[in-house]
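K.L.:
Please find final.pdb (PDB, C-alpha atoms and all ligand atoms) on the next line:
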ATOM      1  CA  MET A   1       0.000   0.000   0.000  1.00  0.00           C
ATOM      2  CA  SER A   2       1.406   3.424  -0.882  1.00  0.00           C
ATOM      3  CA  GLU A   3       2.197   6.042   1.739  1.00  0.00           C
ATOM      4  CA  ARG A   4      -0.290   8.422   0.098  1.00  0.00           C
ATOM      5  CA  SER A   5      -3.266   6.064   0.556  1.00  0.00           C
ATOM      6  CA  LEU A   6      -2.572   5.883   4.298  1.00  0.00           C
ATOM      7  CA  ALA A   7      -2.662   9.646   4.765  1.00  0.00           C
ATOM      8  CA  PRO A   8      -6.022  11.213   5.659  1.00  0.00           C
ATOM      9  CA  PRO A   9      -7.495  13.163   2.718  1.00  0.00           C
ATOM     10  CA  ASN A  10      -6.970  16.897   2.714  1.00  0.00           C
ATOM     11  CA  ILE A  11     -10.502  18.320   2.360  1.00  0.00           C
ATOM     12  CA  GLU A  12     -11.006  22.025   1.715  1.00  0.00           C
ATOM     13  CA  LEU A  13     -14.028  24.198   1.031  1.00  0.00           C
ATOM     14  CA  GLU A  14     -12.965  27.101  -1.162  1.00  0.00           C
ATOM     15  CA  GLU A  15     -14.947  30.183  -2.019  1.00  0.00           C
ATOM     16  CA  SER A  16     -14.799  30.548  -5.809  1.00  0.00           C
ATOM     17  CA  TYR A  17     -16.791  33.783  -6.052  1.00  0.00           C
ATOM     18  CA  ARG A  18     -19.055  36.134  -4.125  1.00  0.00           C
ATOM     19  CA  ILE A  19     -21.423  38.586  -5.772  1.00  0.00           C
ATOM     20  CA  GLY A  20     -23.628  41.083  -3.992  1.00  0.00           C
ATOM     21  CA  ARG A  21     -26.450  42.555  -6.051  1.00  0.00           C
ATOM     22  CA  GLU A  22     -29.805  44.093  -5.174  1.00  0.00           C
ATOM     23  CA  GLY A  23     -29.698  42.845  -1.585  1.00  0.00           C
ATOM     24  CA  VAL A  24     -28.829  39.272  -2.564  1.00  0.00           C
ATOM     25  CA  GLU A  25     -25.413  37.797  -1.841  1.00  0.00           C
ATOM     26  CA  THR A  26     -24.486  34.833  -4.048  1.00  0.00           C
ATOM     27  CA  VAL A  27     -21.550  32.669  -2.998  1.00  0.00           C
ATOM     28  CA  GLY A  28     -19.969  29.930  -5.118  1.00  0.00           C
ATOM     29  CA  LEU A  29     -18.156  27.225  -3.161  1.00  0.00           C
ATOM     30  CA  ARG A  30     -15.882  24.448  -4.332  1.00  0.00           C
ATOM     31  CA  LEU A  31     -15.132  21.240  -2.426  1.00  0.00           C
ATOM     32  CA  VAL A  32     -11.548  20.138  -3.041  1.00  0.00           C
ATOM     33  CA  VAL A  33     -10.049  16.846  -1.872  1.00  0.00           C
ATOM     34  CA  ASP A  34      -6.320  16.309  -2.264  1.00  0.00           C
ATOM     35  CA  ASN A  35      -6.216  19.175  -4.812  1.00  0.00           C
ATOM     36  CA  ASP A  36      -8.957  17.610  -6.951  1.00  0.00           C
ATOM     37  CA  LYS A  37     -12.290  19.367  -7.434  1.00  0.00           C
ATOM     38  CA  VAL A  38     -14.958  17.067  -6.023  1.00  0.00           C
ATOM     39  CA  GLY A  39     -18.027  19.261  -6.263  1.00  0.00           C
ATOM     40  CA  GLU A  40     -19.565  22.687  -5.983  1.00  0.00           C
ATOM     41  CA  MET A  41     -22.446  24.495  -4.375  1.00  0.00           C
ATOM     42  CA  VAL A  42     -23.981  27.914  -4.911  1.00  0.00           C
ATOM     43  CA  VAL A  43     -25.786  29.548  -1.993  1.00  0.00           C
ATOM     44  CA  LYS A  44     -27.799  32.753  -1.841  1.00  0.00           C
ATOM     45  CA  MET A  45     -28.561  34.964   1.121  1.00  0.00           C
ATOM     46  CA  ARG A  46     -30.868  37.952   1.249  1.00  0.00           C
ATOM     47  CA  ALA A  47     -30.202  40.760   3.661  1.00  0.00           C
ATOM     48  CA  ASP A  48     -33.860  40.834   4.752  1.00  0.00           C
ATOM     49  CA  LYS A  49     -34.378  37.069   5.162  1.00  0.00           C
ATOM     50  CA  ALA A  50     -33.174  34.511   7.716  1.00  0.00           C
ATOM     51  CA  THR A  51     -32.926  31.827   5.034  1.00  0.00           C
ATOM     52  CA  LEU A  52     -29.919  30.472   3.186  1.00  0.00           C
ATOM     53  CA  PHE A  53     -31.014  29.269  -0.238  1.00  0.00           C
ATOM     54  CA  ILE A  54     -29.073  26.457  -1.952  1.00  0.00           C
ATOM     55  CA  ASP A  55     -29.216  27.346  -5.624  1.00  0.00           C
ATOM     56  CA  GLU A  56     -27.012  24.544  -6.937  1.00  0.00           C
ATOM     57  CA  ILE A  57     -25.259  21.523  -5.529  1.00  0.00           C
ATOM     58  CA  GLN A  58     -23.373  18.985  -7.564  1.00  0.00           C
ATOM     59  CA  ILE A  59     -20.692  16.369  -7.086  1.00  0.00           C
ATOM     60  CA  GLU A  60     -18.425  15.234  -9.918  1.00  0.00           C
ATOM     61  CA  LYS A  61     -19.545  11.839 -11.255  1.00  0.00           C
ATOM     62  CA  LYS A  62     -16.514   9.861 -10.087  1.00  0.00           C
ATOM     63  CA  TYR A  63     -16.933  11.138  -6.521  1.00  0.00           C
ATOM     64  CA  ARG A  64     -20.643  10.431  -6.101  1.00  0.00           C
ATOM     65  CA  ARG A  65     -22.019   8.153  -3.354  1.00  0.00           C
ATOM     66  CA  LYS A  66     -19.011   8.704  -1.131  1.00  0.00           C
ATOM     67  CA  GLY A  67     -20.681  11.128   1.266  1.00  0.00           C
ATOM     68  CA  PHE A  68     -19.373  14.351  -0.303  1.00  0.00           C
ATOM     69  CA  GLY A  69     -22.846  15.692  -1.203  1.00  0.00           C
ATOM     70  CA  THR A  70     -23.951  15.208   2.394  1.00  0.00           C
ATOM     71  CA  GLN A  71     -20.766  16.938   3.492  1.00  0.00           C
ATOM     72  CA  LEU A  72     -21.535  19.958   1.278  1.00  0.00           C
ATOM     73  CA  LEU A  73     -25.013  20.191   2.819  1.00  0.00           C
ATOM     74  CA  ARG A  74     -23.425  20.160   6.293  1.00  0.00           C
ATOM     75  CA  HIS A  75     -21.157  23.006   5.168  1.00  0.00           C
ATOM     76  CA  ALA A  76     -24.268  24.924   4.089  1.00  0.00           C
ATOM     77  CA  GLU A  77     -25.630  24.497   7.627  1.00  0.00           C
ATOM     78  CA  ASP A  78     -22.365  25.773   9.125  1.00  0.00           C
ATOM     79  CA  ILE A  79     -22.437  28.809   6.814  1.00  0.00           C
ATOM     80  CA  ALA A  80     -26.066  29.523   7.725  1.00  0.00           C
ATOM     81  CA  LYS A  81     -25.357  29.254  11.459  1.00  0.00           C
ATOM     82  CA  GLY A  82     -22.254  31.424  11.070  1.00  0.00           C
ATOM     83  CA  CYS A  83     -24.425  34.098   9.439  1.00  0.00           C
ATOM     84  CA  ARG A  84     -27.125  33.681  12.146  1.00  0.00           C
ATOM     85  CA  LEU A  85     -29.618  32.358   9.618  1.00  0.00           C
ATOM     86  CA  THR A  86     -32.238  29.927  10.899  1.00  0.00           C
ATOM     87  CA  ARG A  87     -33.347  28.041   7.824  1.00  0.00           C
ATOM     88  CA  ILE A  88     -31.999  26.420   4.656  1.00  0.00           C
ATOM     89  CA  GLU A  89     -34.179  26.060   1.616  1.00  0.00           C
ATOM     90  CA  LEU A  90     -33.786  24.458  -1.825  1.00  0.00           C
ATOM     91  CA  ARG A  91     -35.672  23.284  -4.873  1.00  0.00           C
ATOM     92  CA  PRO A  92     -35.384  19.478  -5.035  1.00  0.00           C
ATOM     93  CA  PHE A  93     -35.065  18.844  -8.755  1.00  0.00           C
ATOM     94  CA  THR A  94     -32.284  16.742 -10.202  1.00  0.00           C
ATOM     95  CA  THR A  95     -29.992  18.280 -12.786  1.00  0.00           C
ATOM     96  CA  ASP A  96     -28.590  14.867 -13.752  1.00  0.00           C
ATOM     97  CA  GLU A  97     -31.051  11.994 -14.052  1.00  0.00           C
ATOM     98  CA  SER A  98     -28.127   9.577 -14.443  1.00  0.00           C
ATOM     99  CA  SER A  99     -27.196  10.117 -10.808  1.00  0.00           C
ATOM    100  CA  MET A 100     -30.565  10.276  -9.082  1.00  0.00           C
ATOM    101  CA  SER A 101     -34.112  10.790 -10.238  1.00  0.00           C
ATOM    102  CA  THR A 102     -35.976  13.694  -8.625  1.00  0.00           C
ATOM    103  CA  PRO A 103     -37.992  11.330  -6.320  1.00  0.00           C
ATOM    104  CA  LEU A 104     -34.742   9.709  -5.128  1.00  0.00           C
ATOM    105  CA  LEU A 105     -33.213  13.139  -4.681  1.00  0.00           C
ATOM    106  CA  ARG A 106     -36.135  14.168  -2.455  1.00  0.00           C
ATOM    107  CA  GLN A 107     -35.634  10.984  -0.408  1.00  0.00           C
ATOM    108  CA  TRP A 108     -31.963  11.878  -0.059  1.00  0.00           C
ATOM    109  CA  TYR A 109     -32.795  15.339   1.268  1.00  0.00           C
ATOM    110  CA  SER A 110     -35.415  13.827   3.626  1.00  0.00           C
ATOM    111  CA  LYS A 111     -32.781  11.460   5.021  1.00  0.00           C
ATOM    112  CA  ILE A 112     -30.617  14.495   5.813  1.00  0.00           C
ATOM    113  CA  GLY A 113     -33.492  16.231   7.625  1.00  0.00           C
ATOM    114  CA  TYR A 114     -35.195  18.301   4.925  1.00  0.00           C
ATOM    115  CA  SER A 115     -38.971  18.386   4.614  1.00  0.00           C
ATOM    116  CA  GLY A 116     -41.500  20.400   2.644  1.00  0.00           C
ATOM    117  CA  THR A 117     -43.289  20.100  -0.653  1.00  0.00           C
ATOM    118  CA  ARG A 118     -42.491  18.773  -4.127  1.00  0.00           C
ATOM    119  CA  ASN A 119     -41.203  22.187  -5.180  1.00  0.00           C
ATOM    120  CA  SER A 120     -39.449  23.391  -2.078  1.00  0.00           C
ATOM    121  CA  MET A 121     -37.708  21.691   0.828  1.00  0.00           C
ATOM    122  CA  TYR A 122     -36.267  23.267   3.954  1.00  0.00           C
ATOM    123  CA  LYS A 123     -34.472  22.504   7.175  1.00  0.00           C
ATOM    124  CA  ALA A 124     -34.222  24.542  10.345  1.00  0.00           C
ATOM    125  CA  CYS A 125     -30.699  25.127  11.592  1.00  0.00           C
TER     126      CYS A 125
HETATM  127  C1  LIG B   1     -27.288  14.909  -5.534  1.00  0.00           C
HETATM  128  C2  LIG B   1     -25.784  14.755  -5.381  1.00  0.00           C
HETATM  129  C3  LIG B   1     -25.164  16.135  -5.073  1.00  0.00           C
HETATM  130  C4  LIG B   1     -25.502  13.806  -4.204  1.00  0.00           C
HETATM  131  O1  LIG B   1     -24.119  13.762  -3.979  1.00  0.00           O
HETATM  132  P1  LIG B   1     -23.390  12.451  -3.415  1.00  0.00           P
HETATM  133  O2  LIG B   1     -22.019  12.849  -2.996  1.00  0.00           O
HETATM  134  O3  LIG B   1     -23.497  11.348  -4.401  1.00  0.00           O
HETATM  135  O4  LIG B   1     -24.295  12.125  -2.144  1.00  0.00           O
HETATM  136  P2  LIG B   1     -23.899  11.275  -0.847  1.00  0.00           P
HETATM  137  O5  LIG B   1     -22.772  10.354  -1.163  1.00  0.00           O
HETATM  138  O6  LIG B   1     -23.724  12.205   0.281  1.00  0.00           O
HETATM  139  O7  LIG B   1     -25.245  10.463  -0.616  1.00  0.00           O
HETATM  140  C5  LIG B   1     -25.568   9.438  -1.528  1.00  0.00           C
HETATM  141  C6  LIG B   1     -26.918   8.828  -1.139  1.00  0.00           C
HETATM  142  O8  LIG B   1     -27.926   9.260  -2.058  1.00  0.00           O
HETATM  143  C7  LIG B   1     -28.770   8.146  -2.385  1.00  0.00           C
HETATM  144  N1  LIG B   1     -28.518   7.789  -3.785  1.00  0.00           N
HETATM  145  C8  LIG B   1     -27.643   8.350  -4.628  1.00  0.00           C
HETATM  146  N2  LIG B   1     -27.745   7.819  -5.852  1.00  0.00           N
HETATM  147  C9  LIG B   1     -28.698   6.885  -5.765  1.00  0.00           C
HETATM  148  C10 LIG B   1     -29.259   5.979  -6.690  1.00  0.00           C
HETATM  149  N3  LIG B   1     -28.856   5.947  -7.972  1.00  0.00           N
HETATM  150  N4  LIG B   1     -30.224   5.139  -6.250  1.00  0.00           N
HETATM  151  C11 LIG B   1     -30.630   5.160  -4.996  1.00  0.00           C
HETATM  152  N5  LIG B   1     -30.137   6.023  -4.049  1.00  0.00           N
HETATM  153  C12 LIG B   1     -29.188   6.869  -4.446  1.00  0.00           C
HETATM  154  C13 LIG B   1     -28.368   7.035  -1.440  1.00  0.00           C
HETATM  155  O9  LIG B   1     -29.091   7.210  -0.233  1.00  0.00           O
HETATM  156  C14 LIG B   1     -26.905   7.339  -1.229  1.00  0.00           C
HETATM  157  O10 LIG B   1     -26.403   6.811  -0.057  1.00  0.00           O
HETATM  158  P3  LIG B   1     -25.644   5.385  -0.147  1.00  0.00           P
HETATM  159  O11 LIG B   1     -24.637   5.514  -1.252  1.00  0.00           O
HETATM  160  O12 LIG B   1     -25.042   5.234   1.221  1.00  0.00           O
HETATM  161  O13 LIG B   1     -26.704   4.387  -0.473  1.00  0.00           O
HETATM  162  C15 LIG B   1     -25.123  14.144  -6.659  1.00  0.00           C
HETATM  163  O14 LIG B   1     -25.822  12.954  -6.995  1.00  0.00           O
HETATM  164  C16 LIG B   1     -25.162  15.062  -7.859  1.00  0.00           C
HETATM  165  O15 LIG B   1     -24.224  15.853  -8.082  1.00  0.00           O
HETATM  166  N6  LIG B   1     -26.218  14.981  -8.689  1.00  0.00           N
HETATM  167  C17 LIG B   1     -26.320  15.805  -9.887  1.00  0.00           C
HETATM  168  C18 LIG B   1     -26.668  17.245  -9.574  1.00  0.00           C
HETATM  169  C19 LIG B   1     -28.033  17.384  -8.907  1.00  0.00           C
HETATM  170  O16 LIG B   1     -29.027  16.829  -9.371  1.00  0.00           O
HETATM  171  N7  LIG B   1     -28.066  18.174  -7.839  1.00  0.00           N
HETATM  172  C20 LIG B   1     -29.284  18.451  -7.072  1.00  0.00           C
HETATM  173  C21 LIG B   1     -29.905  19.749  -7.433  1.00  0.00           C
HETATM  174  S1  LIG B   1     -31.246  20.151  -6.300  1.00  0.00           S
END
Output the file's structure as structure tokens, nothing else.
P.N.:
Amino acid sequence: MSERSLAPPNIELEESYRIGREGVETVGLRLVVDNDKVGEMVVKMRADKATLFIDEIQIEKKYRRKGFGTQLLRHAEDIAKGCRLTRIELRPFTTDESSMSTPLLRQWYSKIGYSGTRNSMYKAC
């Protein structure tokens, strides 16, 4: 076994961009493991709302089903708490049917604590 495989992975969440416009702050985040891009997430926050909105979340195909998507959602919770927001919201529609159908995607969010309707799911944090 190589020395590298024994070392714990170096996991980083990088901010790729931040745009503030008309009271809405949009932040692009990149999950990087051992210098390889694993996935990304885009979150939006409005100055007058206590909700963090997840606009996009995606994991690169080769890294799916390894827990990284769940990890990104946990990061979203940490960001929300850090900004004193009390709720996370998203639209549960798949952008890649080859990974998960929309019904499976909704089940995935439910497993992580999200509830709501077909069009919108949320979690208190
Ligand atoms: C949704 C997405 C981010 C999940 O990322 P991920 O890293 O694969 O998720 P996790 O590893 O944390 O969780 C995977 C779990 O989802 C469920 N799941 C994923 N694919 C599944 C499938 N084809 N069939 C059944 N369950 C599935 C399982 O519960 C699985 O857990 P398990 O592997 O222990 O059985 C990823 O599939 C993705 O990038 N999809 C395309 C983009 C997209 O549609 N984003 C959502 C926009 S709202």
K.L.:
Per residue of chain A within 9 Å of ligand LIG 1 (chain B), what are the shortest atom pair and its distance in Å to one decimal, counting only C-alpha atoms and all ligand atoms, with rows by chain and residue number, as JSON lines?
P.N.:
{"residue": "A:Val38", "atom": "CA", "partner": "B:LIG1", "partner_atom": "O2", "distance": 8.8}
{"residue": "A:Gly39", "atom": "CA", "partner": "B:LIG1", "partner_atom": "O15", "distance": 7.3}
{"residue": "A:Glu40", "atom": "CA", "partner": "B:LIG1", "partner_atom": "O15", "distance": 8.5}
{"residue": "A:Met41", "atom": "CA", "partner": "B:LIG1", "partner_atom": "C3", "distance": 8.8}
{"residue": "A:Ile54", "atom": "CA", "partner": "B:LIG1", "partner_atom": "S1", "distance": 8.0}
{"residue": "A:Asp55", "atom": "CA", "partner": "B:LIG1", "partner_atom": "S1", "distance": 7.5}
{"residue": "A:Glu56", "atom": "CA", "partner": "B:LIG1", "partner_atom": "C21", "distance": 5.6}
{"residue": "A:Ile57", "atom": "CA", "partner": "B:LIG1", "partner_atom": "N7", "distance": 4.9}
{"residue": "A:Gln58", "atom": "CA", "partner": "B:LIG1", "partner_atom": "O15", "distance": 3.3}
{"residue": "A:Ile59", "atom": "CA", "partner": "B:LIG1", "partner_atom": "O15", "distance": 3.7}
{"residue": "A:Glu60", "atom": "CA", "partner": "B:LIG1", "partner_atom": "O15", "distance": 6.1}
{"residue": "A:Lys61", "atom": "CA", "partner": "B:LIG1", "partner_atom": "O15", "distance": 6.9}
{"residue": "A:Tyr63", "atom": "CA", "partner": "B:LIG1", "partner_atom": "O2", "distance": 6.4}
{"residue": "A:Arg64", "atom": "CA", "partner": "B:LIG1", "partner_atom": "O3", "distance": 3.4}
{"residue": "A:Arg65", "atom": "CA", "partner": "B:LIG1", "partner_atom": "O5", "distance": 3.2}
{"residue": "A:Lys66", "atom": "CA", "partner": "B:LIG1", "partner_atom": "O5", "distance": 4.1}
{"residue": "A:Gly67", "atom": "CA", "partner": "B:LIG1", "partner_atom": "O5", "distance": 3.3}
{"residue": "A:Phe68", "atom": "CA", "partner": "B:LIG1", "partner_atom": "O2", "distance": 4.1}
{"residue": "A:Gly69", "atom": "CA", "partner": "B:LIG1", "partner_atom": "O2", "distance": 3.5}
{"residue": "A:Thr70", "atom": "CA", "partner": "B:LIG1", "partner_atom": "O6", "distance": 3.7}
{"residue": "A:Gln71", "atom": "CA", "partner": "B:LIG1", "partner_atom": "O6", "distance": 6.4}
{"residue": "A:Leu72", "atom": "CA", "partner": "B:LIG1", "partner_atom": "O6", "distance": 8.1}
{"residue": "A:Leu73", "atom": "CA", "partner": "B:LIG1", "partner_atom": "O6", "distance": 8.5}
{"residue": "A:Leu90", "atom": "CA", "partner": "B:LIG1", "partner_atom": "S1", "distance": 6.7}
{"residue": "A:Arg91", "atom": "CA", "partner": "B:LIG1", "partner_atom": "S1", "distance": 5.6}
{"residue": "A:Pro92", "atom": "CA", "partner": "B:LIG1", "partner_atom": "S1", "distance": 4.4}
{"residue": "A:Phe93", "atom": "CA", "partner": "B:LIG1", "partner_atom": "S1", "distance": 4.7}
{"residue": "A:Thr94", "atom": "CA", "partner": "B:LIG1", "partner_atom": "O16", "distance": 3.4}
{"residue": "A:Thr95", "atom": "CA", "partner": "B:LIG1", "partner_atom": "O16", "distance": 3.8}
{"residue": "A:Asp96", "atom": "CA", "partner": "B:LIG1", "partner_atom": "C17", "distance": 4.6}
{"residue": "A:Glu97", "atom": "CA", "partner": "B:LIG1", "partner_atom": "O16", "distance": 7.0}
{"residue": "A:Ser98", "atom": "CA", "partner": "B:LIG1", "partner_atom": "N3", "distance": 7.5}
{"residue": "A:Ser99", "atom": "CA", "partner": "B:LIG1", "partner_atom": "O14", "distance": 4.9}
{"residue": "A:Met100", "atom": "CA", "partner": "B:LIG1", "partner_atom": "N3", "distance": 4.8}
{"residue": "A:Ser101", "atom": "CA", "partner": "B:LIG1", "partner_atom": "N3", "distance": 7.5}
{"residue": "A:Thr102", "atom": "CA", "partner": "B:LIG1", "partner_atom": "O16", "distance": 7.7}
{"residue": "A:Leu104", "atom": "CA", "partner": "B:LIG1", "partner_atom": "N5", "distance": 6.0}
{"residue": "A:Leu105", "atom": "CA", "partner": "B:LIG1", "partner_atom": "C1", "distance": 6.2}
{"residue": "A:Arg106", "atom": "CA", "partner": "B:LIG1", "partner_atom": "S1", "distance": 8.6}
{"residue": "A:Gln107", "atom": "CA", "partner": "B:LIG1", "partner_atom": "O9", "distance": 7.6}
{"residue": "A:Trp108", "atom": "CA", "partner": "B:LIG1", "partner_atom": "O8", "distance": 5.2}
{"residue": "A:Tyr109", "atom": "CA", "partner": "B:LIG1", "partner_atom": "O8", "distance": 8.5}
{"residue": "A:Lys111", "atom": "CA", "partner": "B:LIG1", "partner_atom": "O9", "distance": 7.7}
K.L.:
If you measure from atom CA of Met121 of chain A to atom CA of Ile88 of chain A, what distance in Å do you get, rounded to one decimal?
P.N.:
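Atom CA of Ile88 of chain A lies at a distance of 8.3 Å from atom CA of Met121 of chain A.
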K.L.:
List, as a list in words, every residue that the PyMOL selection byres (((chain A and resi 48) around 12) and not hetatm) selects in the file provided.
P.N.:
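That expression, the PyMOL selection byres (((chain A and resi 48) around 12) and not hetatm), corresponds here to Glu22, Gly23, Val24, Glu25, Met45, Arg46, Ala47, Lys49, Ala50, Thr51, Leu52 and Leu85 of chain A.
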K.L.:
Atom CA of Thr117 of chain A and atom CA of Gly28 of chain A, how far apart in Å?
P.N.:
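Taking atom CA of Gly28 of chain A as the start and atom CA of Thr117 of chain A as the end point, the length is 25.7 Å.
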K.L.:
Find the residue from A:Ser115, A:Glu12, A:Arg84, A:Phe53 that sits nearest to Leu29 of chain A; use all atoms listed in the file when measuring.
P.N.:
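Among A:Ser115, A:Glu12, A:Arg84, A:Phe53, it is A:Glu12 that comes nearest to Leu29 of chain A.
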K.L.:
Any idea what the distance is between atom CA of Ile11 of chain A and atom CA of Leu31 of chain A?
P.N.:
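Value for the atom CA of Ile11 of chain A-atom CA of Leu31 of chain A distance: 7.3 Å.
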K.L.:
Mind telling me what the PyMOL selection byres (((chain A and resi 33) around 6) and not hetatm) catches here, as a list in words?
P.N.:
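For this structure, the PyMOL selection byres (((chain A and resi 33) around 6) and not hetatm) captures Asn10, Ile11, Val32, Asp34, Asn35 and Asp36 of chain A.
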K.L.:
So that I can check the surroundings of Val27 of chain A, please list as an NGL selection string every protein, DNA and RNA residue that reaches within 6 Å of it, counting only C-alpha atoms and ignoring chain neighbours fewer than 3 positions away.
P.N.:
:A and (17-18 or 42-43)
K.L.:
Kindly list the centre and edge lengths in Å, rounded to one decimal, for the axis-aligned box that covers all listed atoms of segment 39-51 of chain A plus 8 Å on each of its six sides, as JSON.
P.N.:
{"center_x": -26.2, "center_y": 30.0, "center_z": 0.7, "size_x": 32.4, "size_y": 37.6, "size_z": 30.0}
K.L.:
Could you check the closest approach to Gly113 of chain A for each of A:Leu13, A:Ala7, A:Cys125, A:Ile19 and tell me which residue wins, using only C-alpha atoms?
P.N.:
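Among the listed residues, A:Cys125 lies closest to Gly113 of chain A.
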K.L.:
Between A:Ala124, A:Lys44, A:Ser110, A:Lys37, single out the one closest to Glu77 of chain A, counting only C-alpha atoms.
P.N.:
A:Ala124
K.L.:
Under the rule that all atoms listed in the file are counted, which of A:Lys62, A:Lys123, A:Tyr114, A:Arg21 is the nearest residue to Thr86 of chain A?
P.N.:
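The shortest atom-to-atom distance to Thr86 of chain A comes from A:Lys123.
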K.L.:
Let me make sure I understand: among A:Gly116, A:Arg74, A:Pro103, A:Tyr122, which one has the smallest atom-to-atom distance to Glu89 of chain A if we use only C-alpha atoms?
P.N.:
A:Tyr122
K.L.:
Missing atoms in segment 31-53 of chain A should be modelled up to N, CA and C atoms and reported as a compact mmCIF listing (two decimals), keeping the file's coordinate frame.
P.N.:
# COMPACT_ATOMS: atom_id res chain seq x y z
N LEU A 31 -15.68 22.23 -3.36
CA LEU A 31 -15.13 21.24 -2.43
C LEU A 31 -13.94 20.58 -3.11
N VAL A 32 -12.79 20.65 -2.45
CA VAL A 32 -11.55 20.14 -3.04
C VAL A 32 -10.95 19.08 -2.11
N VAL A 33 -10.66 17.92 -2.67
CA VAL A 33 -10.05 16.85 -1.87
C VAL A 33 -8.72 16.47 -2.52
N ASP A 34 -7.67 16.59 -1.76
CA ASP A 34 -6.32 16.31 -2.26
C ASP A 34 -6.08 17.02 -3.60
N ASN A 35 -6.42 18.30 -3.64
CA ASN A 35 -6.22 19.18 -4.81
C ASN A 35 -7.09 18.84 -6.01
N ASP A 36 -8.06 17.97 -5.85
CA ASP A 36 -8.96 17.61 -6.95
C ASP A 36 -10.35 18.19 -6.65
N LYS A 37 -10.94 18.82 -7.65
CA LYS A 37 -12.29 19.37 -7.43
C LYS A 37 -13.30 18.22 -7.37
N VAL A 38 -14.00 18.15 -6.26
CA VAL A 38 -14.96 17.07 -6.02
C VAL A 38 -16.39 17.52 -6.31
N GLY A 39 -16.67 18.78 -6.03
CA GLY A 39 -18.03 19.26 -6.26
C GLY A 39 -18.15 20.74 -6.00
N GLU A 40 -19.35 21.26 -6.25
CA GLU A 40 -19.57 22.69 -5.98
C GLU A 40 -20.98 22.95 -5.52
N MET A 41 -21.14 24.10 -4.91
CA MET A 41 -22.45 24.50 -4.38
C MET A 41 -22.55 26.02 -4.51
N VAL A 42 -23.75 26.47 -4.85
CA VAL A 42 -23.98 27.91 -4.91
C VAL A 42 -25.07 28.24 -3.90
N VAL A 43 -24.79 29.16 -2.99
CA VAL A 43 -25.79 29.55 -1.99
C VAL A 43 -26.12 31.03 -2.15
N LYS A 44 -27.36 31.36 -1.77
CA LYS A 44 -27.80 32.75 -1.84
C LYS A 44 -28.35 33.19 -0.49
N MET A 45 -28.05 34.41 -0.12
CA MET A 45 -28.56 34.96 1.12
C MET A 45 -29.11 36.34 0.83
N ARG A 46 -30.27 36.62 1.42
CA ARG A 46 -30.87 37.95 1.25
C ARG A 46 -30.77 38.70 2.56
N ALA A 47 -30.41 39.96 2.46
CA ALA A 47 -30.20 40.76 3.66
C ALA A 47 -31.44 40.78 4.55
N ASP A 48 -32.63 40.70 3.96
CA ASP A 48 -33.86 40.83 4.75
C ASP A 48 -34.50 39.49 5.08
N LYS A 49 -33.78 38.39 4.88
CA LYS A 49 -34.38 37.07 5.16
C LYS A 49 -33.42 36.21 5.98
N ALA A 50 -34.00 35.37 6.85
CA ALA A 50 -33.17 34.51 7.72
C ALA A 50 -32.95 33.15 7.08
N THR A 51 -33.05 33.10 5.75
CA THR A 51 -32.93 31.83 5.03
C THR A 51 -31.69 31.81 4.13
N LEU A 52 -30.99 30.68 4.16
CA LEU A 52 -29.92 30.47 3.19
C LEU A 52 -30.52 29.58 2.10
N PHE A 53 -30.42 30.01 0.86
CA PHE A 53 -31.01 29.27 -0.24
C PHE A 53 -29.90 28.53 -1.01
